[in-house]
file input_13.cif (mmCIF, C-alpha atoms)
data_data
#
loop_
_atom_site.label_atom_id
_atom_site.label_comp_id
_atom_site.auth_asym_id
_atom_site.auth_seq_id
_atom_site.Cartn_x
_atom_site.Cartn_y
_atom_site.Cartn_z
CA MET W 1 50.69 46.35 32.08
CA ASP W 2 53.78 46.01 34.27
CA GLU W 3 57.39 46.66 33.37
CA PHE W 4 57.91 43.21 31.94
CA ASP W 5 54.78 43.42 29.87
CA ARG W 6 55.88 46.69 28.34
CA ARG W 7 59.32 45.32 27.68
CA LEU W 8 57.86 42.24 26.01
CA SER W 9 55.57 44.27 23.81
CA ASN W 10 58.36 46.67 22.78
CA GLU W 11 60.83 43.90 22.08
CA MET W 12 58.38 42.00 19.89
CA LYS W 13 57.66 45.10 17.88
CA LYS W 14 61.32 46.00 17.58
CA GLY W 15 62.19 42.46 16.66
CA THR W 16 59.79 42.52 13.72
CA GLU W 17 60.68 45.96 12.44
CA GLY W 18 61.60 45.79 8.79
CA ILE W 19 59.75 42.54 8.30
CA SER W 20 57.09 43.03 5.64
CA LEU W 21 55.70 41.44 2.53
CA SER W 22 57.98 42.39 -0.36
CA GLU W 23 56.74 43.16 -3.88
CA GLN W 24 58.35 39.99 -5.06
CA GLU W 25 56.42 37.97 -2.51
CA LYS W 26 53.15 39.66 -3.51
CA GLN W 27 53.81 38.87 -7.17
CA GLN W 28 54.61 35.30 -6.25
CA ILE W 29 51.25 34.94 -4.51
CA HIS W 30 49.37 36.19 -7.57
CA ARG W 31 51.40 33.94 -9.86
CA GLN W 32 50.59 30.91 -7.72
CA ILE W 33 46.90 31.69 -7.76
CA ASN W 34 46.86 32.22 -11.53
CA ARG W 35 48.61 28.91 -12.02
CA THR W 36 46.18 27.08 -9.72
CA SER W 37 43.12 28.71 -11.31
CA PHE W 38 44.29 27.71 -14.78
CA LYS W 39 45.03 24.18 -13.60
CA ASN W 40 41.64 23.91 -11.90
CA LYS W 41 39.82 25.14 -15.00
CA LYS W 42 41.75 22.74 -17.20
CA ARG W 43 41.10 19.90 -14.77
CA GLY W 44 37.44 20.83 -14.65
CA VAL W 45 37.13 20.70 -18.42
CA ILE W 46 38.91 17.37 -18.60
CA ILE W 47 36.77 15.87 -15.85
CA TRP W 48 33.55 16.99 -17.51
CA THR W 49 34.68 15.73 -20.89
CA VAL W 50 35.58 12.32 -19.50
CA ALA W 51 32.31 12.12 -17.56
CA ALA W 52 30.25 13.04 -20.63
CA ALA W 53 32.10 10.47 -22.75
CA ALA W 54 31.54 7.79 -20.10
CA VAL W 55 27.80 8.53 -19.96
CA ALA W 56 27.53 8.46 -23.75
CA LEU W 57 29.38 5.15 -23.93
CA PHE W 58 27.17 3.71 -21.21
CA ILE W 59 24.03 4.71 -23.07
CA VAL W 60 25.31 3.30 -26.37
CA LEU W 61 26.21 -0.03 -24.77
CA VAL W 62 23.31 -0.49 -22.39
CA LEU W 63 20.39 0.82 -24.42
CA PRO W 64 20.25 -2.10 -26.87
CA MET W 65 20.32 -4.54 -23.95
CA LEU W 66 17.49 -2.71 -22.24
CA GLN W 67 15.46 -2.70 -25.41
CA GLU W 68 15.90 -6.46 -25.77
CA GLN W 69 14.68 -7.04 -22.25
CA MET W 70 11.55 -4.96 -22.65
CA PRO W 71 8.46 -7.10 -22.10
CA ASN W 72 7.22 -8.71 -25.29
CA GLU W 73 3.58 -8.11 -24.39
CA GLN W 74 4.01 -4.50 -25.41
CA SER W 75 5.14 -5.50 -28.94
CA ALA W 76 3.27 -8.86 -29.26
CA ALA W 77 0.59 -8.86 -31.91
CA TYR W 78 -1.55 -11.41 -30.06
CA HIS W 79 -2.07 -13.19 -26.78
CA VAL W 80 -2.02 -16.97 -26.38
CA GLU W 81 -5.76 -16.96 -25.72
CA ASP W 82 -6.34 -15.38 -29.15
CA LEU W 83 -5.11 -18.55 -30.86
CA GLU W 84 -7.18 -20.99 -28.85
CA GLY W 85 -9.79 -21.01 -31.57
CA ILE W 86 -7.40 -22.58 -34.13
CA SER W 87 -7.79 -26.33 -34.47
CA LEU W 88 -6.56 -28.98 -36.91
CA SER W 89 -8.37 -32.17 -37.61
CA ILE W 90 -8.08 -35.03 -40.10
CA GLU W 91 -11.43 -35.44 -41.79
CA GLU W 92 -10.51 -38.28 -44.01
CA ALA W 93 -7.61 -40.51 -44.86
CA ALA W 94 -7.36 -42.53 -48.07
CA VAL W 95 -4.62 -44.94 -49.07
CA HIS W 96 -3.72 -44.91 -52.72
CA ASP W 97 -2.43 -47.79 -54.72
CA ASN W 98 1.08 -46.46 -54.69
CA GLY W 99 1.07 -46.51 -50.92
CA GLU W 100 0.58 -42.79 -50.52
CA ILE W 101 -1.84 -41.73 -47.87
CA ALA W 102 -4.01 -38.74 -48.64
CA TYR W 103 -5.17 -36.82 -45.63
CA PHE W 104 -7.93 -34.28 -45.80
CA VAL W 105 -7.16 -31.83 -43.08
CA GLU W 106 -9.57 -29.21 -41.84
CA ILE W 107 -8.14 -26.04 -40.44
CA ASN W 108 -10.70 -24.29 -38.31
CA ASN W 109 -10.06 -20.61 -37.60
CA ASP W 110 -12.50 -19.82 -34.84
CA THR W 111 -10.58 -16.68 -33.83
CA SER W 112 -11.12 -13.01 -34.47
CA GLY W 113 -8.02 -12.76 -36.63
CA THR W 114 -6.95 -13.87 -40.08
CA ILE W 115 -4.44 -16.67 -40.56
CA ARG W 116 -2.03 -15.57 -43.22
CA GLU W 117 0.73 -17.42 -45.10
CA GLY W 118 0.06 -20.65 -43.21
CA THR W 119 2.21 -23.75 -43.64
CA LEU W 120 0.84 -27.08 -42.54
CA SER W 121 3.28 -29.87 -41.61
CA ILE W 122 2.52 -33.49 -40.92
CA SER W 123 4.70 -36.21 -39.50
CA TYR W 124 4.34 -39.58 -37.84
CA ASP W 125 5.33 -39.87 -34.26
CA LEU W 126 8.36 -41.95 -33.48
CA LEU W 127 7.79 -45.20 -31.65
CA LEU W 128 9.64 -45.58 -28.40
CA PRO W 129 9.75 -48.67 -26.17
CA ASN W 130 7.53 -46.94 -23.66
CA GLY W 131 5.79 -44.19 -25.65
CA PHE W 132 6.10 -41.74 -28.48
CA GLU W 133 8.32 -38.90 -29.52
CA GLU W 134 7.85 -36.07 -31.98
CA ASN W 135 9.42 -36.83 -35.32
CA PRO W 136 11.70 -34.04 -36.52
CA PHE W 137 11.11 -35.06 -40.13
CA LYS W 138 7.95 -33.51 -41.45
CA GLN W 139 6.21 -33.00 -44.74
CA SER W 140 4.86 -29.53 -45.37
CA GLU W 141 2.32 -27.84 -47.60
CA MET W 142 1.52 -24.18 -48.00
CA VAL W 143 -2.04 -23.19 -47.10
CA PRO W 144 -3.45 -21.48 -50.18
CA GLY W 145 -4.70 -17.99 -49.35
CA ASP W 146 -5.75 -16.53 -46.03
CA ILE W 147 -8.10 -18.17 -43.58
CA TYR W 148 -10.54 -15.51 -42.44
CA PRO W 149 -11.97 -15.23 -38.95
CA ARG W 150 -14.65 -17.72 -37.99
CA SER W 151 -14.04 -19.79 -41.12
CA LYS W 152 -12.59 -23.13 -42.10
CA THR W 153 -10.48 -24.41 -44.90
CA ARG W 154 -9.85 -27.93 -46.16
CA LEU W 155 -6.51 -29.06 -47.34
CA LYS W 156 -5.50 -32.25 -49.13
CA PHE W 157 -2.23 -33.55 -47.90
CA ALA W 158 -0.44 -36.48 -49.47
CA VAL W 159 2.08 -38.28 -47.35
CA ASP W 160 4.39 -41.00 -48.55
CA PRO W 161 4.95 -43.16 -45.49
CA THR W 162 7.70 -45.13 -47.22
CA VAL W 163 10.12 -42.31 -46.60
CA PHE W 164 9.95 -43.23 -42.97
CA LYS W 165 11.28 -46.44 -41.50
CA GLU W 166 8.12 -48.41 -40.86
CA GLU W 167 9.30 -50.06 -37.70
CA ARG W 168 10.23 -46.72 -36.25
CA ILE W 169 6.99 -44.83 -36.76
CA ASP W 170 3.43 -45.03 -35.59
CA LEU W 171 1.20 -44.65 -38.63
CA SER W 172 -1.74 -43.97 -36.43
CA GLY W 173 0.06 -41.29 -34.53
CA ILE W 174 0.00 -38.23 -36.72
CA SER W 175 1.34 -34.87 -35.57
CA MET W 176 0.19 -31.76 -37.34
CA GLU W 177 1.61 -28.31 -37.06
CA LEU W 178 0.35 -25.04 -38.48
CA ILE W 179 2.80 -22.11 -38.69
CA GLY W 180 1.67 -18.73 -39.97
CA TYR W 181 0.95 -15.09 -39.16
CA TRP W 182 -2.04 -13.90 -37.22
CA ASN W 183 -3.51 -10.82 -38.85
CA LYS W 184 -0.26 -9.01 -39.68
CA LEU W 185 2.75 -10.14 -41.67
CA GLU W 186 5.31 -9.10 -39.10
CA PRO W 187 7.66 -11.06 -36.82
CA GLN W 188 5.61 -10.40 -33.65
CA ALA W 189 2.52 -11.89 -35.30
CA ARG W 190 4.12 -15.23 -36.18
CA PHE W 191 2.47 -18.20 -34.43
CA GLN W 192 2.68 -21.96 -34.24
CA VAL W 193 -0.11 -24.37 -33.37
CA GLY W 194 0.33 -28.11 -33.07
CA GLN W 195 -1.89 -31.11 -32.68
CA SER W 196 -1.31 -34.83 -32.45
CA THR W 197 -3.59 -37.76 -32.89
CA SER W 198 -1.50 -39.86 -30.49
CA VAL W 199 -3.65 -39.75 -27.38
CA VAL W 200 -2.49 -41.57 -24.30
CA SER W 201 -5.48 -42.85 -22.37
CA SER W 202 -5.69 -42.88 -18.64
CA ASP W 203 -4.63 -46.49 -18.54
CA GLY W 204 -1.47 -45.76 -20.53
CA SER W 205 -2.52 -47.34 -23.82
CA SER W 206 -2.61 -45.30 -26.98
CA ASN W 207 -5.50 -44.72 -29.38
CA MET B 1 43.23 36.15 -18.40
CA GLN B 2 39.46 36.38 -18.27
CA TYR B 3 37.80 36.24 -14.86
CA ASP B 4 34.16 35.76 -14.00
CA GLU B 5 32.45 38.07 -11.52
CA GLY B 6 32.97 35.80 -8.52
CA GLU B 7 36.62 35.44 -9.29
CA LEU B 8 37.04 39.22 -9.59
CA ASP B 9 35.52 39.70 -6.15
CA ARG B 10 37.88 37.13 -4.72
CA ARG B 11 40.86 38.74 -6.34
CA GLU B 12 39.88 42.13 -4.98
CA LEU B 13 39.57 40.62 -1.53
CA LEU B 14 42.95 38.99 -1.88
CA VAL B 15 44.52 42.29 -2.82
CA SER B 16 42.97 43.87 0.28
CA PHE B 17 44.24 40.99 2.45
CA ILE B 18 47.77 41.45 1.14
CA ARG B 19 47.61 45.18 1.61
CA ASP B 20 45.96 45.26 5.03
CA TYR B 21 47.19 42.14 6.76
CA GLY B 22 50.17 40.77 4.83
CA ASP B 23 52.87 42.42 6.92
CA ASP B 24 51.21 41.58 10.21
CA LEU B 25 50.73 37.96 9.29
CA LYS B 26 54.35 37.62 8.29
CA ARG B 27 55.47 39.14 11.59
CA ILE B 28 53.23 36.85 13.59
CA ALA B 29 54.69 33.88 11.72
CA TYR B 30 58.20 35.19 12.34
CA LEU B 31 57.55 35.61 16.06
CA TYR B 32 56.18 32.08 16.19
CA LEU B 33 58.94 30.38 14.23
CA ASN B 34 61.85 32.80 14.64
CA ASP B 35 62.73 31.97 11.05
CA LEU B 36 62.37 34.52 8.26
CA ALA B 37 62.36 32.08 5.35
CA GLU B 38 59.73 29.92 6.97
CA SER B 39 57.60 32.89 7.86
CA GLU B 40 57.61 33.94 4.19
CA ASP B 41 56.43 30.50 3.16
CA ILE B 42 53.76 30.49 5.83
CA VAL B 43 52.29 33.86 4.90
CA GLN B 44 52.23 32.94 1.21
CA GLU B 45 50.43 29.74 2.01
CA VAL B 46 47.95 31.59 4.23
CA LEU B 47 47.06 34.12 1.55
CA ILE B 48 46.78 31.54 -1.24
CA LYS B 49 44.68 29.28 0.95
CA SER B 50 42.42 32.14 1.97
CA TYR B 51 41.79 32.95 -1.70
CA HIS B 52 40.70 29.39 -2.42
CA GLN B 53 38.58 29.09 0.72
CA LEU B 54 36.75 32.39 0.36
CA ASP B 55 33.67 30.66 -1.00
CA SER B 56 33.39 28.53 2.12
CA PHE B 57 34.12 31.35 4.58
CA ARG B 58 31.09 31.57 6.82
CA HIS B 59 31.65 35.11 8.16
CA GLU B 60 31.37 33.89 11.72
CA SER B 61 34.46 35.97 12.47
CA SER B 62 36.21 38.86 10.78
CA TYR B 63 38.63 38.31 7.93
CA LYS B 64 41.49 39.41 10.17
CA THR B 65 40.63 36.88 12.86
CA TRP B 66 40.32 34.18 10.24
CA LEU B 67 43.67 34.98 8.65
CA ILE B 68 45.50 35.17 11.98
CA ARG B 69 43.97 31.85 12.98
CA MET B 70 45.12 30.29 9.72
CA THR B 71 48.61 31.66 10.26
CA ILE B 72 48.87 30.28 13.79
CA ASN B 73 47.57 26.88 12.66
CA LEU B 74 50.01 26.66 9.77
CA CYS B 75 52.86 27.64 12.08
CA LYS B 76 51.81 24.85 14.44
CA ASP B 77 51.69 22.34 11.59
CA HIS B 78 55.05 23.50 10.37
CA LYS B 79 56.56 22.94 13.78
CA LYS B 80 55.16 19.44 13.94
CA ARG B 81 56.69 18.49 10.62
CA TRP B 82 60.16 17.06 10.66
CA SER B 83 62.00 19.48 8.47
CA VAL B 84 65.62 19.06 7.46
CA ARG B 85 65.75 22.75 6.77
CA ASN B 86 65.19 23.47 10.45
CA ILE B 87 68.25 21.45 11.36
CA PHE B 88 70.71 22.35 8.66
CA TYR B 89 69.56 25.71 7.47
CA LYS B 90 68.06 28.23 9.82
CA GLN B 91 67.97 31.83 8.74
CA GLU B 92 67.44 34.37 11.45
CA ALA B 93 66.38 37.96 11.16
CA PRO B 94 68.80 39.98 9.00
CA GLU B 95 71.52 41.42 11.11
CA VAL B 96 71.94 45.09 10.76
CA ARG B 97 75.63 45.69 10.58
CA ASP B 98 75.66 49.17 11.87
CA HIS B 99 79.04 50.16 13.12
CA LYS B 100 77.61 53.25 14.67
CA LEU B 101 75.72 51.14 17.21
CA THR B 102 76.66 52.10 20.76
CA GLU B 103 77.19 49.50 23.38
CA THR B 104 73.75 50.24 24.82
CA ASP B 105 72.15 49.84 21.47
CA TYR B 106 74.04 46.60 20.95
CA ILE B 107 72.95 45.21 24.32
CA GLN B 108 69.39 46.25 23.65
CA LYS B 109 69.45 44.56 20.27
CA GLU B 110 70.95 41.42 21.71
CA SER B 111 68.30 41.43 24.40
CA SER B 112 65.55 41.73 21.79
CA ASN B 113 67.02 38.79 19.88
CA GLU B 114 67.14 36.83 23.10
CA ILE B 115 63.48 37.44 23.83
CA MET B 116 62.54 36.39 20.32
CA GLN B 117 64.57 33.24 20.63
CA GLN B 118 63.15 32.31 24.00
CA LEU B 119 59.65 33.14 22.81
CA ALA B 120 60.05 30.78 19.88
CA ARG B 121 61.08 28.04 22.28
CA LEU B 122 57.97 28.30 24.43
CA ALA B 123 55.20 25.73 24.21
CA PRO B 124 52.86 26.58 21.32
CA LYS B 125 49.87 27.18 23.56
CA HIS B 126 51.76 29.85 25.52
CA LYS B 127 53.61 31.33 22.59
CA GLU B 128 50.54 32.06 20.47
CA VAL B 129 48.73 33.80 23.33
CA LEU B 130 51.74 35.97 24.12
CA ILE B 131 52.19 36.97 20.47
CA LEU B 132 48.55 37.87 20.05
CA TYR B 133 48.43 39.79 23.31
CA TYR B 134 51.75 41.62 23.32
CA TYR B 135 52.48 42.07 19.65
CA GLU B 136 49.06 42.11 18.00
CA GLU B 137 47.53 43.75 21.10
CA LEU B 138 44.31 41.80 20.86
CA THR B 139 41.91 41.68 23.77
CA MET B 140 41.26 38.48 25.68
CA GLN B 141 37.99 38.03 23.83
CA GLU B 142 39.64 38.54 20.46
CA ILE B 143 42.35 36.03 21.34
CA SER B 144 39.62 33.64 22.44
CA ASP B 145 37.96 34.02 19.00
CA VAL B 146 41.18 33.54 17.08
CA LEU B 147 42.32 30.48 18.96
CA GLN B 148 38.77 29.22 19.54
CA ILE B 149 39.41 28.61 23.20
CA ASN B 150 37.67 29.69 26.36
CA HIS B 151 38.24 33.20 27.72
CA ASN B 152 39.52 31.82 31.02
CA THR B 153 41.88 29.51 29.18
CA VAL B 154 43.34 32.54 27.42
CA LYS B 155 43.88 34.22 30.77
CA SER B 156 45.58 31.25 32.36
CA ARG B 157 47.80 30.59 29.32
CA LEU B 158 48.80 34.23 29.21
CA LEU B 159 49.85 34.16 32.85
CA ARG B 160 51.72 30.87 32.56
CA GLY B 161 53.31 31.84 29.27
CA LYS B 162 54.56 35.09 30.66
CA GLN B 163 55.91 33.29 33.72
CA ALA B 164 57.64 30.65 31.59
CA LEU B 165 59.25 33.29 29.37
CA LYS B 166 60.40 35.24 32.40
CA GLU B 167 62.03 32.18 33.88
CA LYS B 168 63.79 31.33 30.61
CA LEU B 169 65.15 34.83 30.29
CA GLU B 170 66.30 34.95 33.92
CA ARG B 171 68.05 31.59 33.46
CA ARG B 172 69.85 32.93 30.41
CA GLU B 173 70.86 36.08 32.25
CA ASP B 174 72.18 34.04 35.18
CA HIS B 175 74.31 31.94 32.85
CA GLY B 176 75.58 35.09 31.15
#

call {"tool": "encode", "arguments": {"input": "input_13.cif", "output": "structure tokens"}}
result
Amino acid sequence: MDEFDRRLSNEMKKGTEGISLSEQEKQQIHRQINRTSFKNKKRGVIIWTVAAAAVALFIVLVLPMLQEQMPNEQSAAYHVEDLEGISLSIEEAAVHDNGEIAYFVEINNDTSGTIREGTLSISYDLLLPNGFEENPFKQSEMVPGDIYPRSKTRLKFAVDPTVFKEERIDLSGISMELIGYWNKLEPQARFQVGQSTSVVSSDGSSN
Amino acid sequence: MQYDEGELDRRELLVSFIRDYGDDLKRIAYLYLNDLAESEDIVQEVLIKSYHQLDSFRHESSYKTWLIRMTINLCKDHKKRWSVRNIFYKQEAPEVRDHKLTETDYIQKESSNEIMQQLARLAPKHKEVLILYYYEELTMQEISDVLQINHNTVKSRLLRGKQALKEKLERREDHG
């Protein structure tokens, strides 16, 4: 170190003599830290509370939607193929003097399940200029008792065609519909099977 | 107030920082800024910051090096900021009104003040090296660690800083 170096060093040390951290300053530092720690803890608690509340709200709102969207196959009581063995056919039709038509309908349950609380509906198809349309007005009868697997049942069904406007309906075009439960009396087991005697042949004419 | 174990360790460390390095850090800040009030603010900020950053301290350097580095960096940031206080209110080191001072003492004191003033006016890169070398008496390697610059850079800045300070002081002496 030369003369200037020594002078510089001495002057810096002299110039800072008496400069030190006072007790007041030390206390101030501790106070600041205590304040910040308390604030941070408080903020932490608030943040966690808000986050937990948000997650809970999310679960409450979204869970029902997720449950609705869950695939029905898991809760369905049957598959479409299970019902393929159900068929409806008109065995006989007799016209009474009063104009009523009595249909003898056979319900064939060639499935492995039991048809329970069945309701059979019959209607005449609506005539259209160039075809047919399903008639929303139907007559219904309850199927008495259950129809066991691999069995048939015969139902007499009386229809009064006069309730329909003759020019609007096709008396030969009968639509039948069976609604019931397959095996279990629960919503997932409810089914609907329909059949119509209006058959459009390959040349476009009806039978 | 209840503290967990980690917090107790940090508080103990803080107490040791204040005890072992507080005065030095304040003096370094004073030498850098030539402003007592600002140096108090700086050292407080350094110690509070160090407390909060203890968890992320990687022990790649000593605590002392880390604290001095923080002090220098905060002084640099302070200088960059446009502060009204620097223009309208500037408190210098407390004057000791000692009527027993001889003329020699008075001249010597004035000279010391002059050096401090000229030092504070140097470019930051020269000023910090001079402070760490002449006041803190760190080695070149230690200065290199604090400032995170090359050893040769420290050397060249030291030489240039010393030269610049010399010239400033000589100019002042020439102008009386």

call {"tool": "interface_residues", "arguments": {"input": "input_13.cif", "of": "chain W", "to": "chain B", "cutoff": "7 Å", "atoms": "only C-alpha atoms", "output": "ChimeraX atom specification"}}
result
/W:8-9,11-13,15-16,19-21,29,33

call {"tool": "residues_around", "arguments": {"input": "input_13.cif", "residues": "B:Met140", "least_positions_apart": "6", "cutoff": "9 Å", "atoms": "only C-alpha atoms", "output": "ChimeraX atom specification"}}
result
/B:133,151-152,154-155

call {"tool": "atom_distance", "arguments": {"input": "input_13.cif", "atom1": "atom CA of W:Phe191", "atom2": "atom CA of W:Arg168"}}
result
29.6 Å

call {"tool": "resolve_selection", "arguments": {"input": "input_13.cif", "expression": "the PyMOL selection byres ((chain W and resi 117) around 7)", "output": "ChimeraX atom specification"}}
result
/W:115-116,118-119,143,145-146,180-181

call {"tool": "atom_distance", "arguments": {"input": "input_13.cif", "atom1": "atom CA of W:Asp125", "atom2": "atom CA of W:Thr162"}}
result
14.2 Å

call {"tool": "residues_around", "arguments": {"input": "input_13.cif", "residues": "W:Phe157", "least_positions_apart": "3", "cutoff": "12 Å", "atoms": "all atoms listed in the file", "output": "mmCIF file with C-alpha atoms, in the frame of the given file"}}
result
data_model
loop_
_atom_site.group_PDB
_atom_site.id
_atom_site.type_symbol
_atom_site.label_atom_id
_atom_site.label_comp_id
_atom_site.auth_asym_id
_atom_site.auth_seq_id
_atom_site.Cartn_x
_atom_site.Cartn_y
_atom_site.Cartn_z
ATOM 1 C CA ILE W 90 -8.080 -35.030 -40.100
ATOM 2 C CA GLU W 91 -11.430 -35.440 -41.790
ATOM 3 C CA GLU W 92 -10.510 -38.280 -44.010
ATOM 4 C CA ALA W 93 -7.610 -40.510 -44.860
ATOM 5 C CA ALA W 94 -7.360 -42.530 -48.070
ATOM 6 C CA VAL W 95 -4.620 -44.940 -49.070
ATOM 7 C CA GLU W 100 0.580 -42.790 -50.520
ATOM 8 C CA ILE W 101 -1.840 -41.730 -47.870
ATOM 9 C CA ALA W 102 -4.010 -38.740 -48.640
ATOM 10 C CA TYR W 103 -5.170 -36.820 -45.630
ATOM 11 C CA PHE W 104 -7.930 -34.280 -45.800
ATOM 12 C CA VAL W 105 -7.160 -31.830 -43.080
ATOM 13 C CA GLU W 106 -9.570 -29.210 -41.840
ATOM 14 C CA THR W 119 2.210 -23.750 -43.640
ATOM 15 C CA LEU W 120 0.840 -27.080 -42.540
ATOM 16 C CA SER W 121 3.280 -29.870 -41.610
ATOM 17 C CA ILE W 122 2.520 -33.490 -40.920
ATOM 18 C CA SER W 123 4.700 -36.210 -39.500
ATOM 19 C CA GLN W 139 6.210 -33.000 -44.740
ATOM 20 C CA SER W 140 4.860 -29.530 -45.370
ATOM 21 C CA GLU W 141 2.320 -27.840 -47.600
ATOM 22 C CA MET W 142 1.520 -24.180 -48.000
ATOM 23 C CA VAL W 143 -2.040 -23.190 -47.100
ATOM 24 C CA ARG W 154 -9.850 -27.930 -46.160
ATOM 25 C CA ASP W 160 4.390 -41.000 -48.550
ATOM 26 C CA MET W 176 0.190 -31.760 -37.340
#

call {"tool": "resolve_selection", "arguments": {"input": "input_13.cif", "expression": "the PyMOL selection byres ((chain W and resi 108) around 8)", "output": "list in words"}}
result
Gly85, Ile86, Ser87, Leu88, Glu106, Ile107, Asn109, Asp110, Arg150, Ser151, Lys152 and Thr153 of chain W

call {"tool": "atom_distance", "arguments": {"input": "input_13.cif", "atom1": "atom CA of B:Tyr32", "atom2": "atom CA of B:Leu122"}}
result
9.2 Å

call {"tool": "residues_near_point", "arguments": {"input": "input_13.cif", "point": "(39.6, 32.6, 21.9)", "cutoff": "12 Å", "atoms": "all atoms listed in the file", "output": "JSON, numbers by chain"}}
result
{"B": [61, 65, 66, 68, 69, 125, 128, 129, 132, 133, 138, 139, 140, 141, 142, 143, 144, 145, 146, 147, 148, 149, 150, 151, 152, 153, 154, 155, 157, 158]}

call {"tool": "closest_residue", "arguments": {"input": "input_13.cif", "among": "B:Lys64, B:Arg160, B:Thr71, B:Ile42", "to": "B:Ala123", "atoms": "all atoms listed in the file"}}
result
B:Arg160

call {"tool": "resolve_selection", "arguments": {"input": "input_13.cif", "expression": "the PyMOL selection byres ((chain W and resi 183) around 10)", "output": "list in words"}}
result
Ala77, Tyr78, Ser112, Gly113, Thr114, Ile115, Arg116, Asp146, Ile147, Tyr148, Pro149, Gly180, Tyr181, Trp182, Lys184, Leu185, Glu186, Ala189 and Arg190 of chain W

call {"tool": "write_last_selection", "arguments": {"input": "input_13.cif", "atoms": "C-alpha atoms", "output": "JSON list (two decimals), in the frame of the given file"}}
result
[["chain", "number", "residue", "atom", "x", "y", "z"],
["W", 77, "ALA", "CA", 0.59, -8.86, -31.91],
["W", 78, "TYR", "CA", -1.55, -11.41, -30.06],
["W", 112, "SER", "CA", -11.12, -13.01, -34.47],
["W", 113, "GLY", "CA", -8.02, -12.76, -36.63],
["W", 114, "THR", "CA", -6.95, -13.87, -40.08],
["W", 115, "ILE", "CA", -4.44, -16.67, -40.56],
["W", 116, "ARG", "CA", -2.03, -15.57, -43.22],
["W", 146, "ASP", "CA", -5.75, -16.53, -46.03],
["W", 147, "ILE", "CA", -8.10, -18.17, -43.58],
["W", 148, "TYR", "CA", -10.54, -15.51, -42.44],
["W", 149, "PRO", "CA", -11.97, -15.23, -38.95],
["W", 180, "GLY", "CA", 1.67, -18.73, -39.97],
["W", 181, "TYR", "CA", 0.95, -15.09, -39.16],
["W", 182, "TRP", "CA", -2.04, -13.90, -37.22],
["W", 184, "LYS", "CA", -0.26, -9.01, -39.68],
["W", 185, "LEU", "CA", 2.75, -10.14, -41.67],
["W", 186, "GLU", "CA", 5.31, -9.10, -39.10],
["W", 189, "ALA", "CA", 2.52, -11.89, -35.30],
["W", 190, "ARG", "CA", 4.12, -15.23, -36.18]]

call {"tool": "closest_residue", "arguments": {"input": "input_13.cif", "among": "B:Ala120, B:Leu159, B:Leu169, B:Ala164", "to": "B:Leu33", "atoms": "all atoms listed in the file"}}
result
B:Ala120
